file coords_30.tsv (TSV, C-alpha atoms)
chain	number	residue	atom	x	y	z
A	1	MET	CA	104.87	116.75	183.00
A	2	ARG	CA	104.13	119.56	180.57
A	3	ALA	CA	105.42	123.08	180.93
A	4	GLY	CA	102.15	124.95	180.68
A	5	CYS	CA	100.74	124.16	184.11
A	6	ALA	CA	101.79	127.42	185.79
A	7	GLN	CA	100.05	129.27	182.96
A	8	CYS	CA	96.94	127.17	183.60
A	9	ARG	CA	96.84	128.08	187.26
A	10	ASN	CA	97.33	131.77	186.49
A	11	ALA	CA	94.96	131.94	183.51
A	12	ASP	CA	92.91	135.11	183.24
A	13	PRO	CA	89.10	134.82	183.40
A	14	LEU	CA	87.17	134.89	180.15
A	15	GLN	CA	86.12	138.27	178.81
A	16	PHE	CA	82.91	136.99	177.17
A	17	GLU	CA	79.77	135.13	178.16
A	18	PHE	CA	78.33	131.94	176.67
A	19	SER	CA	75.75	129.29	177.42
A	20	TYR	CA	74.57	125.91	176.12
A	21	ALA	CA	71.93	124.16	174.09
A	22	PHE	CA	71.34	120.46	174.69
A	23	GLN	CA	70.65	117.88	171.99
A	24	PRO	CA	69.48	114.36	172.84
A	25	ILE	CA	71.36	111.18	171.99
A	26	VAL	CA	68.77	108.43	171.97
A	27	ASP	CA	68.76	104.66	172.30
A	28	VAL	CA	66.25	103.74	169.60
A	29	HIS	CA	65.94	100.12	170.71
A	30	ALA	CA	65.27	100.95	174.37
A	31	ARG	CA	63.35	104.14	173.43
A	32	LYS	CA	65.28	106.10	176.04
A	33	VAL	CA	67.30	109.28	176.02
A	34	PHE	CA	70.82	108.00	176.60
A	35	ALA	CA	72.59	111.37	176.82
A	36	HIS	CA	72.42	115.04	176.01
A	37	GLU	CA	75.29	116.71	174.20
A	38	ALA	CA	76.09	120.19	175.49
A	39	LEU	CA	76.51	122.49	172.47
A	40	VAL	CA	78.04	125.92	173.07
A	41	ARG	CA	75.92	128.97	172.25
A	42	GLY	CA	76.07	132.69	172.87
A	43	ALA	CA	74.64	134.02	176.12
A	44	ALA	CA	71.32	134.75	174.37
A	45	GLY	CA	71.35	131.63	172.20
A	46	GLU	CA	73.51	132.95	169.35
A	47	PRO	CA	75.21	130.34	167.11
A	48	ALA	CA	78.36	128.59	168.30
A	49	GLY	CA	80.53	130.53	165.87
A	50	SER	CA	79.84	133.75	167.72
A	51	VAL	CA	81.56	132.20	170.75
A	52	LEU	CA	84.25	130.04	169.16
A	53	SER	CA	85.52	132.97	167.07
A	54	ARG	CA	86.61	134.60	170.33
A	55	VAL	CA	88.67	131.62	171.52
A	56	THR	CA	92.40	132.24	171.12
A	57	ALA	CA	95.62	130.57	172.19
A	58	ASP	CA	95.67	132.91	175.19
A	59	ASN	CA	92.19	132.08	176.52
A	60	ARG	CA	91.80	128.49	175.26
A	61	TYR	CA	92.49	126.93	178.66
A	62	SER	CA	90.14	129.29	180.52
A	63	PHE	CA	87.43	128.66	177.93
A	64	ASP	CA	87.81	124.87	178.13
A	65	GLN	CA	87.60	124.93	181.92
A	66	ALA	CA	84.63	127.33	181.93
A	67	CYS	CA	82.81	125.13	179.41
A	68	ARG	CA	83.00	122.10	181.66
A	69	GLU	CA	81.78	123.91	184.76
A	70	LYS	CA	78.92	125.66	182.96
A	71	ALA	CA	77.72	122.52	181.17
A	72	ILE	CA	77.60	120.62	184.47
A	73	ARG	CA	75.91	123.52	186.29
A	74	ILE	CA	73.16	123.92	183.69
A	75	ALA	CA	72.63	120.16	183.37
A	76	ALA	CA	72.22	119.90	187.14
A	77	SER	CA	69.77	122.82	187.16
A	78	LEU	CA	67.72	120.99	184.51
A	79	ASN	CA	67.72	117.88	186.71
A	80	LEU	CA	69.22	115.96	183.80
A	81	ARG	CA	68.95	112.21	184.41
A	82	SER	CA	70.73	111.09	181.25
A	83	HIS	CA	74.45	111.17	180.57
A	84	LEU	CA	75.94	114.57	179.79
A	85	SER	CA	78.34	114.78	176.85
A	86	ILE	CA	80.85	117.65	176.93
A	87	ASN	CA	83.22	118.54	174.11
A	88	PHE	CA	86.72	119.39	175.26
A	89	LEU	CA	89.82	120.88	173.66
A	90	PRO	CA	92.76	118.45	173.97
A	91	ASN	CA	95.23	121.16	173.00
A	92	ALA	CA	94.14	123.17	176.06
A	93	ILE	CA	95.27	120.44	178.48
A	94	TYR	CA	98.74	120.32	179.95
A	95	ARG	CA	98.43	117.72	182.71
A	96	PRO	CA	95.13	115.82	182.75
A	97	GLU	CA	95.33	114.92	186.43
A	98	VAL	CA	95.64	118.65	187.28
A	99	CYS	CA	93.38	120.13	184.61
A	100	ILE	CA	90.48	117.86	185.59
A	101	ARG	CA	90.29	119.07	189.19
A	102	SER	CA	87.88	121.94	188.53
A	103	THR	CA	85.59	119.53	186.64
A	104	LEU	CA	85.50	117.15	189.59
A	105	GLN	CA	84.84	120.07	191.93
A	106	ALA	CA	81.97	121.27	189.71
A	107	ALA	CA	80.44	117.79	189.59
A	108	ASP	CA	80.62	117.55	193.38
A	109	ARG	CA	79.34	121.08	193.93
A	110	HIS	CA	76.29	120.58	191.69
A	111	GLY	CA	75.63	116.96	192.63
A	112	PHE	CA	76.15	115.57	189.12
A	113	PRO	CA	77.55	112.01	189.09
A	114	VAL	CA	80.97	111.69	187.46
A	115	GLU	CA	80.00	108.38	185.87
A	116	ARG	CA	77.29	110.16	183.84
A	117	ILE	CA	79.73	112.61	182.25
A	118	ILE	CA	81.08	111.83	178.79
A	119	PHE	CA	84.05	113.75	177.41
A	120	GLU	CA	84.06	114.02	173.61
A	121	THR	CA	87.09	115.02	171.62
A	122	VAL	CA	86.87	115.94	167.97
A	123	GLU	CA	88.93	113.56	165.84
A	124	GLY	CA	89.41	116.19	163.16
A	125	GLU	CA	91.17	118.67	165.48
A	126	GLN	CA	94.83	118.86	164.51
A	127	ILE	CA	96.48	117.26	167.52
A	128	SER	CA	100.25	117.10	167.20
A	129	ASP	CA	100.67	114.16	169.57
A	130	GLY	CA	98.23	111.26	169.31
A	131	LYS	CA	99.94	109.47	172.20
A	132	TRP	CA	99.28	112.53	174.35
A	133	LEU	CA	95.58	112.46	173.46
A	134	ALA	CA	95.46	108.77	174.38
A	135	GLU	CA	97.09	109.65	177.72
A	136	ILE	CA	94.47	112.33	178.42
A	137	LEU	CA	91.59	110.01	177.59
A	138	SER	CA	93.09	107.17	179.63
A	139	GLU	CA	93.34	109.43	182.67
A	140	TYR	CA	89.74	110.55	182.27
A	141	LYS	CA	88.58	106.96	181.98
A	142	ARG	CA	90.60	105.99	185.06
A	143	ILE	CA	88.88	108.74	187.08
A	144	GLY	CA	85.46	107.41	186.07
A	145	PHE	CA	84.37	109.60	183.17
A	146	LYS	CA	83.18	108.05	179.93
A	147	THR	CA	85.10	108.97	176.79
A	148	ALA	CA	84.10	109.42	173.16
A	149	ILE	CA	85.78	110.30	169.88
A	150	ASP	CA	83.54	112.68	167.94
A	151	ASP	CA	83.39	112.90	164.12
A	152	PHE	CA	85.08	109.50	163.82
A	153	GLY	CA	86.19	108.92	160.26
A	154	ALA	CA	86.52	112.63	159.49
A	155	GLY	CA	90.20	113.26	159.67
A	156	PHE	CA	93.41	113.38	161.55
A	157	ALA	CA	93.65	110.66	164.18
A	158	GLY	CA	91.76	107.84	162.52
A	159	LEU	CA	92.42	104.23	163.36
A	160	ASN	CA	95.82	105.01	164.90
A	161	LEU	CA	94.08	106.51	167.91
A	162	LEU	CA	92.09	103.32	168.51
A	163	ALA	CA	95.34	101.35	168.45
A	164	ASP	CA	96.57	103.40	171.43
A	165	PHE	CA	93.31	103.86	173.32
A	166	GLN	CA	89.83	102.39	173.19
A	167	PRO	CA	87.21	104.98	174.19
A	168	ASP	CA	83.81	103.99	175.49
A	169	MET	CA	82.21	105.36	172.32
A	170	VAL	CA	82.89	106.65	168.85
A	171	LYS	CA	80.54	109.05	167.09
A	172	LEU	CA	80.43	108.50	163.35
A	173	ASP	CA	81.03	111.60	161.27
A	174	MET	CA	77.78	112.83	159.78
A	175	ALA	CA	79.28	112.76	156.29
A	176	LEU	CA	79.14	108.97	156.55
A	177	ILE	CA	75.52	109.10	157.69
A	178	ARG	CA	74.05	111.51	155.15
A	179	GLY	CA	72.06	109.48	152.62
A	180	ILE	CA	73.41	106.17	153.89
A	181	ASP	CA	70.16	104.46	152.92
A	182	HIS	CA	71.02	105.17	149.26
A	183	SER	CA	74.78	104.53	149.46
A	184	PRO	CA	76.20	100.98	149.40
A	185	SER	CA	79.71	102.35	150.00
A	186	ARG	CA	78.67	104.24	153.16
A	187	ARG	CA	76.79	101.19	154.43
A	188	ALA	CA	79.86	99.00	153.89
A	189	ILE	CA	82.13	101.46	155.72
A	190	VAL	CA	79.76	101.86	158.66
A	191	ALA	CA	79.22	98.10	158.89
A	192	GLY	CA	82.99	97.67	159.07
A	193	VAL	CA	83.32	100.25	161.83
A	194	VAL	CA	80.48	98.63	163.80
A	195	SER	CA	82.15	95.23	163.52
A	196	MET	CA	85.57	96.58	164.55
A	197	CYS	CA	84.13	98.52	167.49
A	198	GLY	CA	82.19	95.46	168.62
A	199	GLN	CA	85.47	93.53	168.89
A	200	LEU	CA	86.99	96.41	170.87
A	201	ALA	CA	83.94	96.80	173.18
A	202	ILE	CA	83.30	100.33	171.90
A	203	ASP	CA	79.75	101.62	171.46
A	204	VAL	CA	78.94	103.37	168.18
A	205	ILE	CA	76.82	106.54	168.02
A	206	ALA	CA	75.50	107.75	164.67
A	207	GLU	CA	75.04	111.52	164.53
A	208	GLY	CA	73.52	113.89	162.02
A	209	ILE	CA	70.45	111.75	161.28
A	210	GLU	CA	67.79	113.74	159.47
A	211	THR	CA	65.43	111.15	157.96
A	212	ARG	CA	63.51	108.07	159.01
A	213	ASP	CA	65.20	106.01	156.27
A	214	GLU	CA	68.67	106.91	157.57
A	215	ALA	CA	67.60	105.85	161.07
A	216	HIS	CA	66.14	102.57	159.76
A	217	CYS	CA	69.29	101.78	157.82
A	218	LEU	CA	71.56	102.45	160.79
A	219	SER	CA	69.37	100.33	163.05
A	220	ASP	CA	69.63	97.47	160.54
A	221	LEU	CA	73.42	97.85	160.72
A	222	GLY	CA	73.28	97.26	164.47
A	223	ILE	CA	73.47	100.83	165.76
A	224	SER	CA	71.09	101.72	168.57
A	225	LEU	CA	72.55	105.06	169.77
A	226	MET	CA	71.60	107.92	167.45
A	227	GLN	CA	71.56	111.72	167.36
A	228	GLY	CA	70.19	114.20	164.87
A	229	TYR	CA	67.39	116.53	163.90
A	230	TRP	CA	65.12	113.56	163.15
A	231	PHE	CA	65.00	112.80	166.88
A	232	GLY	CA	65.37	116.26	168.34
A	233	ARG	CA	67.01	119.63	167.72
A	234	PRO	CA	69.22	121.34	170.29
A	235	GLN	CA	67.20	123.21	172.90
A	236	PHE	CA	68.69	126.35	174.39
A	237	GLU	CA	69.20	125.90	178.14
A	238	SER	CA	66.64	123.08	178.05
A	239	ALA	CA	66.64	119.31	177.52
A	240	ALA	CA	64.28	116.92	175.74
A	241	ARG	CA	62.35	114.19	177.51
A	242	GLU	CA	61.42	110.78	176.11
A	243	ALA	CA	57.93	112.14	175.36
A	244	ASP	CA	59.48	114.87	173.15
A	245	ILE	CA	61.40	112.46	170.91
A	246	THR	CA	60.32	111.40	167.40
A	247	TRP	CA	60.30	107.62	167.85
A	248	THR	CA	58.53	106.79	164.57
A	249	MET	CA	60.95	104.52	162.76

call {"tool": "encode", "arguments": {"input": "coords_30.tsv", "output": "structure tokens"}}
result
Amino acid sequence: MRAGCAQCRNADPLQFEFSYAFQPIVDVHARKVFAHEALVRGAAGEPAGSVLSRVTADNRYSFDQACREKAIRIAASLNLRSHLSINFLPNAIYRPEVCIRSTLQAADRHGFPVERIIFETVEGEQISDGKWLAEILSEYKRIGFKTAIDDFGAGFAGLNLLADFQPDMVKLDMALIRGIDHSPSRRAIVAGVVSMCGQLAIDVIAEGIETRDEAHCLSDLGISLMQGYWFGRPQFESAAREADITWTM
């Protein structure tokens, strides 16, 4: 049990507004929208930095909780039929079984199925306790959420995290994707990750795809779940349909 739970319960409400844009994650083989990632924006669509710059150690928990509720509420209002991917802040969580209650209440209140919610955590965030992150993700998975490691290959946790916990998905860092069609080294690294994840029953999502050739290359490497401007840009308080997606590959 962690000592911050009383602070969580007594957290002050946020003093700023924010909203979301939604970017599709597509299954290129099935030609379906698999999920939409909720990307934080200002209340009038301002860039994420205008919001994240106001997040401090004092309001981090309130912000994390508000993000979950708002993403679910907007997704439900859009009648989203795909999965919904929500980024969360592991360092804002003290006890996962307690901190998740408001998320479950929001899902129930807005009629959004728990099994269609994906929680993404950013691998590059400096998390002091990898075992603690694995515990959080394990609890989320036990409840019925899907779990994903974002920006995989970018930084801190790396392969050690997969040794402790196997998420449903990993999202390859876009630095590995950029120009992969011209880079034998990137192709070899991604092929290795795909093979490893296949043995661990983890789906791989490639993000940051901007060209047809990148998409073709990744498909040839066995990746079917993709995200990036080539398929669709984030839409403020709106979500793409299959008919809106660039499927030309």

call {"tool": "atom_distance", "arguments": {"input": "coords_30.tsv", "atom1": "atom CA of A:Ile72", "atom2": "atom CA of A:Met174"}}
result
25.9 Å

call {"tool": "atom_distance", "arguments": {"input": "coords_30.tsv", "atom1": "atom CA of A:Glu37", "atom2": "atom CA of A:Ile189"}}
result
24.9 Å

call {"tool": "residues_around", "arguments": {"input": "coords_30.tsv", "residues": "stretch 217-234 of chain A", "least_positions_apart": "6", "cutoff": "6 Å", "atoms": "all atoms listed in the file", "output": "VMD selection string"}}
result
chain A and resid 21 to 23 25 to 29 181 205 to 211 245 to 246

call {"tool": "residues_near_point", "arguments": {"input": "coords_30.tsv", "point": "(88.0, 110.5, 182.7)", "cutoff": "9 Å", "atoms": "all atoms listed in the file", "output": "compact mmCIF listing (two decimals) with C-alpha atoms, in the coordinates of the input"}}
result
# COMPACT_ATOMS: atom_id res chain seq x y z
CA PRO A 96 95.13 115.82 182.75
CA ILE A 100 90.48 117.86 185.59
CA VAL A 114 80.97 111.69 187.46
CA GLU A 115 80.00 108.38 185.87
CA ILE A 117 79.73 112.61 182.25
CA ILE A 118 81.08 111.83 178.79
CA PHE A 119 84.05 113.75 177.41
CA ILE A 136 94.47 112.33 178.42
CA LEU A 137 91.59 110.01 177.59
CA SER A 138 93.09 107.17 179.63
CA GLU A 139 93.34 109.43 182.67
CA TYR A 140 89.74 110.55 182.27
CA LYS A 141 88.58 106.96 181.98
CA ARG A 142 90.60 105.99 185.06
CA ILE A 143 88.88 108.74 187.08
CA GLY A 144 85.46 107.41 186.07
CA PHE A 145 84.37 109.60 183.17
CA LYS A 146 83.18 108.05 179.93
CA THR A 147 85.10 108.97 176.79

call {"tool": "residues_around", "arguments": {"input": "coords_30.tsv", "residues": "A:Arg241", "least_positions_apart": "3", "cutoff": "10 Å", "atoms": "only C-alpha atoms", "output": "list in words"}}
result
Pro24, Lys32, Val33, Leu80, Arg81, Ser82, Gly232, Ser238, Asp244 and Ile245 of chain A

call {"tool": "write_last_selection", "arguments": {"input": "coords_30.tsv", "atoms": "C-alpha atoms", "output": "PDB file, in the coordinates of the input"}}
result
ATOM      1  CA  PRO A  24      69.480 114.360 172.840  1.00  0.00           C
ATOM      2  CA  LYS A  32      65.280 106.100 176.040  1.00  0.00           C
ATOM      3  CA  VAL A  33      67.300 109.280 176.020  1.00  0.00           C
ATOM      4  CA  LEU A  80      69.220 115.960 183.800  1.00  0.00           C
ATOM      5  CA  ARG A  81      68.950 112.210 184.410  1.00  0.00           C
ATOM      6  CA  SER A  82      70.730 111.090 181.250  1.00  0.00           C
ATOM      7  CA  GLY A 232      65.370 116.260 168.340  1.00  0.00           C
ATOM      8  CA  SER A 238      66.640 123.080 178.050  1.00  0.00           C
ATOM      9  CA  ASP A 244      59.480 114.870 173.150  1.00  0.00           C
ATOM     10  CA  ILE A 245      61.400 112.460 170.910  1.00  0.00           C
TER      11      ILE A 245
END

call {"tool": "closest_residue", "arguments": {"input": "coords_30.tsv", "among": "A:Arg31, A:Val193, A:Cys67, A:Ala57", "to": "A:Glu17", "atoms": "all atoms listed in the file"}}
result
A:Cys67

call {"tool": "decode", "arguments": {"input": "coords_30.tsv", "residues": "stretch 228-243 of chain A", "atoms": "all heavy atoms", "output": "mmCIF file, in the first residue's frame"}}
result
data_model
loop_
_atom_site.group_PDB
_atom_site.id
_atom_site.type_symbol
_atom_site.label_atom_id
_atom_site.label_comp_id
_atom_site.auth_asym_id
_atom_site.auth_seq_id
_atom_site.Cartn_x
_atom_site.Cartn_y
_atom_site.Cartn_z
ATOM 1 N N GLY A 228 -0.592 6.877 -37.890
ATOM 2 C CA GLY A 228 0.251 7.945 -38.401
ATOM 3 C C GLY A 228 -0.498 8.831 -39.368
ATOM 4 O O GLY A 228 -1.625 8.538 -39.774
ATOM 5 N N TYR A 229 0.139 9.926 -39.746
ATOM 6 C CA TYR A 229 -0.508 10.895 -40.628
ATOM 7 C C TYR A 229 -0.877 10.292 -41.979
ATOM 8 O O TYR A 229 -1.802 10.781 -42.647
ATOM 9 C CB TYR A 229 0.414 12.095 -40.840
ATOM 10 C CG TYR A 229 0.494 13.051 -39.675
ATOM 11 C CD1 TYR A 229 -0.218 12.825 -38.493
ATOM 12 C CD2 TYR A 229 1.278 14.197 -39.752
ATOM 13 C CE1 TYR A 229 -0.140 13.703 -37.431
ATOM 14 C CE2 TYR A 229 1.362 15.085 -38.691
ATOM 15 C CZ TYR A 229 0.659 14.834 -37.539
ATOM 16 O OH TYR A 229 0.732 15.710 -36.492
ATOM 17 N N TRP A 230 -0.153 9.244 -42.419
ATOM 18 C CA TRP A 230 -0.497 8.630 -43.700
ATOM 19 C C TRP A 230 -1.932 8.116 -43.687
ATOM 20 O O TRP A 230 -2.645 8.194 -44.678
ATOM 21 C CB TRP A 230 0.471 7.498 -44.032
ATOM 22 C CG TRP A 230 0.092 6.740 -45.273
ATOM 23 C CD1 TRP A 230 -0.444 5.483 -45.355
ATOM 24 C CD2 TRP A 230 0.172 7.207 -46.623
ATOM 25 N NE1 TRP A 230 -0.687 5.137 -46.648
ATOM 26 C CE2 TRP A 230 -0.316 6.180 -47.461
ATOM 27 C CE3 TRP A 230 0.616 8.406 -47.201
ATOM 28 C CZ2 TRP A 230 -0.371 6.313 -48.851
ATOM 29 C CZ3 TRP A 230 0.568 8.530 -48.590
ATOM 30 C CH2 TRP A 230 0.071 7.486 -49.383
ATOM 31 N N PHE A 231 -2.372 7.616 -42.544
ATOM 32 C CA PHE A 231 -3.721 7.041 -42.443
ATOM 33 C C PHE A 231 -4.742 8.056 -41.947
ATOM 34 O O PHE A 231 -5.916 7.990 -42.335
ATOM 35 C CB PHE A 231 -3.699 5.825 -41.507
ATOM 36 C CG PHE A 231 -2.820 4.719 -41.987
ATOM 37 C CD1 PHE A 231 -1.570 4.511 -41.412
ATOM 38 C CD2 PHE A 231 -3.212 3.901 -43.029
ATOM 39 C CE1 PHE A 231 -0.742 3.501 -41.864
ATOM 40 C CE2 PHE A 231 -2.387 2.888 -43.490
ATOM 41 C CZ PHE A 231 -1.148 2.686 -42.914
ATOM 42 N N GLY A 232 -4.337 8.957 -41.101
ATOM 43 C CA GLY A 232 -5.295 9.936 -40.598
ATOM 44 C C GLY A 232 -4.699 10.789 -39.495
ATOM 45 O O GLY A 232 -4.038 10.277 -38.590
ATOM 46 N N ARG A 233 -4.914 12.094 -39.577
ATOM 47 C CA ARG A 233 -4.439 13.014 -38.549
ATOM 48 C C ARG A 233 -5.431 13.053 -37.384
ATOM 49 O O ARG A 233 -6.605 12.689 -37.544
ATOM 50 C CB ARG A 233 -4.285 14.420 -39.135
ATOM 51 C CG ARG A 233 -3.145 14.515 -40.149
ATOM 52 C CD ARG A 233 -3.077 15.888 -40.787
ATOM 53 N NE ARG A 233 -1.943 15.984 -41.686
ATOM 54 C CZ ARG A 233 -0.733 16.446 -41.350
ATOM 55 N NH1 ARG A 233 -0.539 16.887 -40.114
ATOM 56 N NH2 ARG A 233 0.253 16.488 -42.215
ATOM 57 N N PRO A 234 -4.976 13.488 -36.220
ATOM 58 C CA PRO A 234 -5.904 13.652 -35.100
ATOM 59 C C PRO A 234 -7.027 14.633 -35.459
ATOM 60 O O PRO A 234 -6.779 15.652 -36.112
ATOM 61 C CB PRO A 234 -5.017 14.213 -33.984
ATOM 62 C CG PRO A 234 -3.627 13.811 -34.359
ATOM 63 C CD PRO A 234 -3.584 13.834 -35.852
ATOM 64 N N GLN A 235 -8.228 14.307 -35.035
ATOM 65 C CA GLN A 235 -9.379 15.169 -35.280
ATOM 66 C C GLN A 235 -9.905 15.660 -33.930
ATOM 67 O O GLN A 235 -10.235 14.853 -33.060
ATOM 68 C CB GLN A 235 -10.473 14.402 -36.026
ATOM 69 C CG GLN A 235 -10.061 13.917 -37.409
ATOM 70 C CD GLN A 235 -11.202 13.221 -38.137
ATOM 71 O OE1 GLN A 235 -12.373 13.403 -37.812
ATOM 72 N NE2 GLN A 235 -10.860 12.429 -39.136
ATOM 73 N N PHE A 236 -10.000 16.975 -33.804
ATOM 74 C CA PHE A 236 -10.414 17.552 -32.533
ATOM 75 C C PHE A 236 -11.873 17.228 -32.230
ATOM 76 O O PHE A 236 -12.770 17.549 -33.019
ATOM 77 C CB PHE A 236 -10.209 19.064 -32.543
ATOM 78 C CG PHE A 236 -10.548 19.732 -31.242
ATOM 79 C CD1 PHE A 236 -9.842 19.432 -30.090
ATOM 80 C CD2 PHE A 236 -11.571 20.661 -31.164
ATOM 81 C CE1 PHE A 236 -10.143 20.046 -28.885
ATOM 82 C CE2 PHE A 236 -11.888 21.285 -29.972
ATOM 83 C CZ PHE A 236 -11.168 20.980 -28.826
ATOM 84 N N GLU A 237 -12.081 16.547 -31.111
ATOM 85 C CA GLU A 237 -13.415 16.148 -30.643
ATOM 86 C C GLU A 237 -14.208 15.446 -31.742
ATOM 87 O O GLU A 237 -15.435 15.570 -31.831
ATOM 88 C CB GLU A 237 -14.167 17.349 -30.076
ATOM 89 C CG GLU A 237 -13.501 17.932 -28.842
ATOM 90 C CD GLU A 237 -14.272 19.072 -28.209
ATOM 91 O OE1 GLU A 237 -15.221 19.584 -28.841
ATOM 92 O OE2 GLU A 237 -13.914 19.473 -27.082
ATOM 93 N N SER A 238 -13.512 14.682 -32.571
ATOM 94 C CA SER A 238 -14.135 13.924 -33.652
ATOM 95 C C SER A 238 -13.293 12.684 -33.907
ATOM 96 O O SER A 238 -12.141 12.597 -33.461
ATOM 97 C CB SER A 238 -14.234 14.783 -34.919
ATOM 98 O OG SER A 238 -14.906 14.083 -35.950
ATOM 99 N N ALA A 239 -13.866 11.706 -34.620
ATOM 100 C CA ALA A 239 -13.170 10.443 -34.861
ATOM 101 C C ALA A 239 -13.381 9.990 -36.297
ATOM 102 O O ALA A 239 -14.480 10.126 -36.858
ATOM 103 C CB ALA A 239 -13.681 9.366 -33.896
ATOM 104 N N ALA A 240 -12.326 9.455 -36.896
ATOM 105 C CA ALA A 240 -12.377 9.000 -38.283
ATOM 106 C C ALA A 240 -13.187 7.711 -38.415
ATOM 107 O O ALA A 240 -13.248 6.891 -37.492
ATOM 108 C CB ALA A 240 -10.963 8.771 -38.802
ATOM 109 N N ARG A 241 -13.778 7.544 -39.577
ATOM 110 C CA ARG A 241 -14.456 6.305 -39.942
ATOM 111 C C ARG A 241 -13.596 5.562 -40.966
ATOM 112 O O ARG A 241 -12.667 6.119 -41.515
ATOM 113 C CB ARG A 241 -15.835 6.591 -40.523
ATOM 114 C CG ARG A 241 -16.753 7.416 -39.610
ATOM 115 C CD ARG A 241 -17.880 8.016 -40.401
ATOM 116 N NE ARG A 241 -17.364 8.926 -41.429
ATOM 117 C CZ ARG A 241 -18.103 9.498 -42.374
ATOM 118 N NH1 ARG A 241 -19.393 9.241 -42.439
ATOM 119 N NH2 ARG A 241 -17.567 10.288 -43.255
ATOM 120 N N GLU A 242 -13.951 4.296 -41.238
ATOM 121 C CA GLU A 242 -13.200 3.546 -42.240
ATOM 122 C C GLU A 242 -13.153 4.296 -43.584
ATOM 123 O O GLU A 242 -12.133 4.297 -44.273
ATOM 124 C CB GLU A 242 -13.806 2.152 -42.452
ATOM 125 C CG GLU A 242 -13.250 1.077 -41.555
ATOM 126 C CD GLU A 242 -13.962 0.998 -40.220
ATOM 127 O OE1 GLU A 242 -15.093 1.532 -40.122
ATOM 128 O OE2 GLU A 242 -13.394 0.409 -39.270
ATOM 129 N N ALA A 243 -14.268 4.943 -43.931
ATOM 130 C CA ALA A 243 -14.329 5.640 -45.227
ATOM 131 C C ALA A 243 -13.393 6.837 -45.280
ATOM 132 O O ALA A 243 -13.063 7.318 -46.369
ATOM 133 C CB ALA A 243 -15.783 6.095 -45.487
#
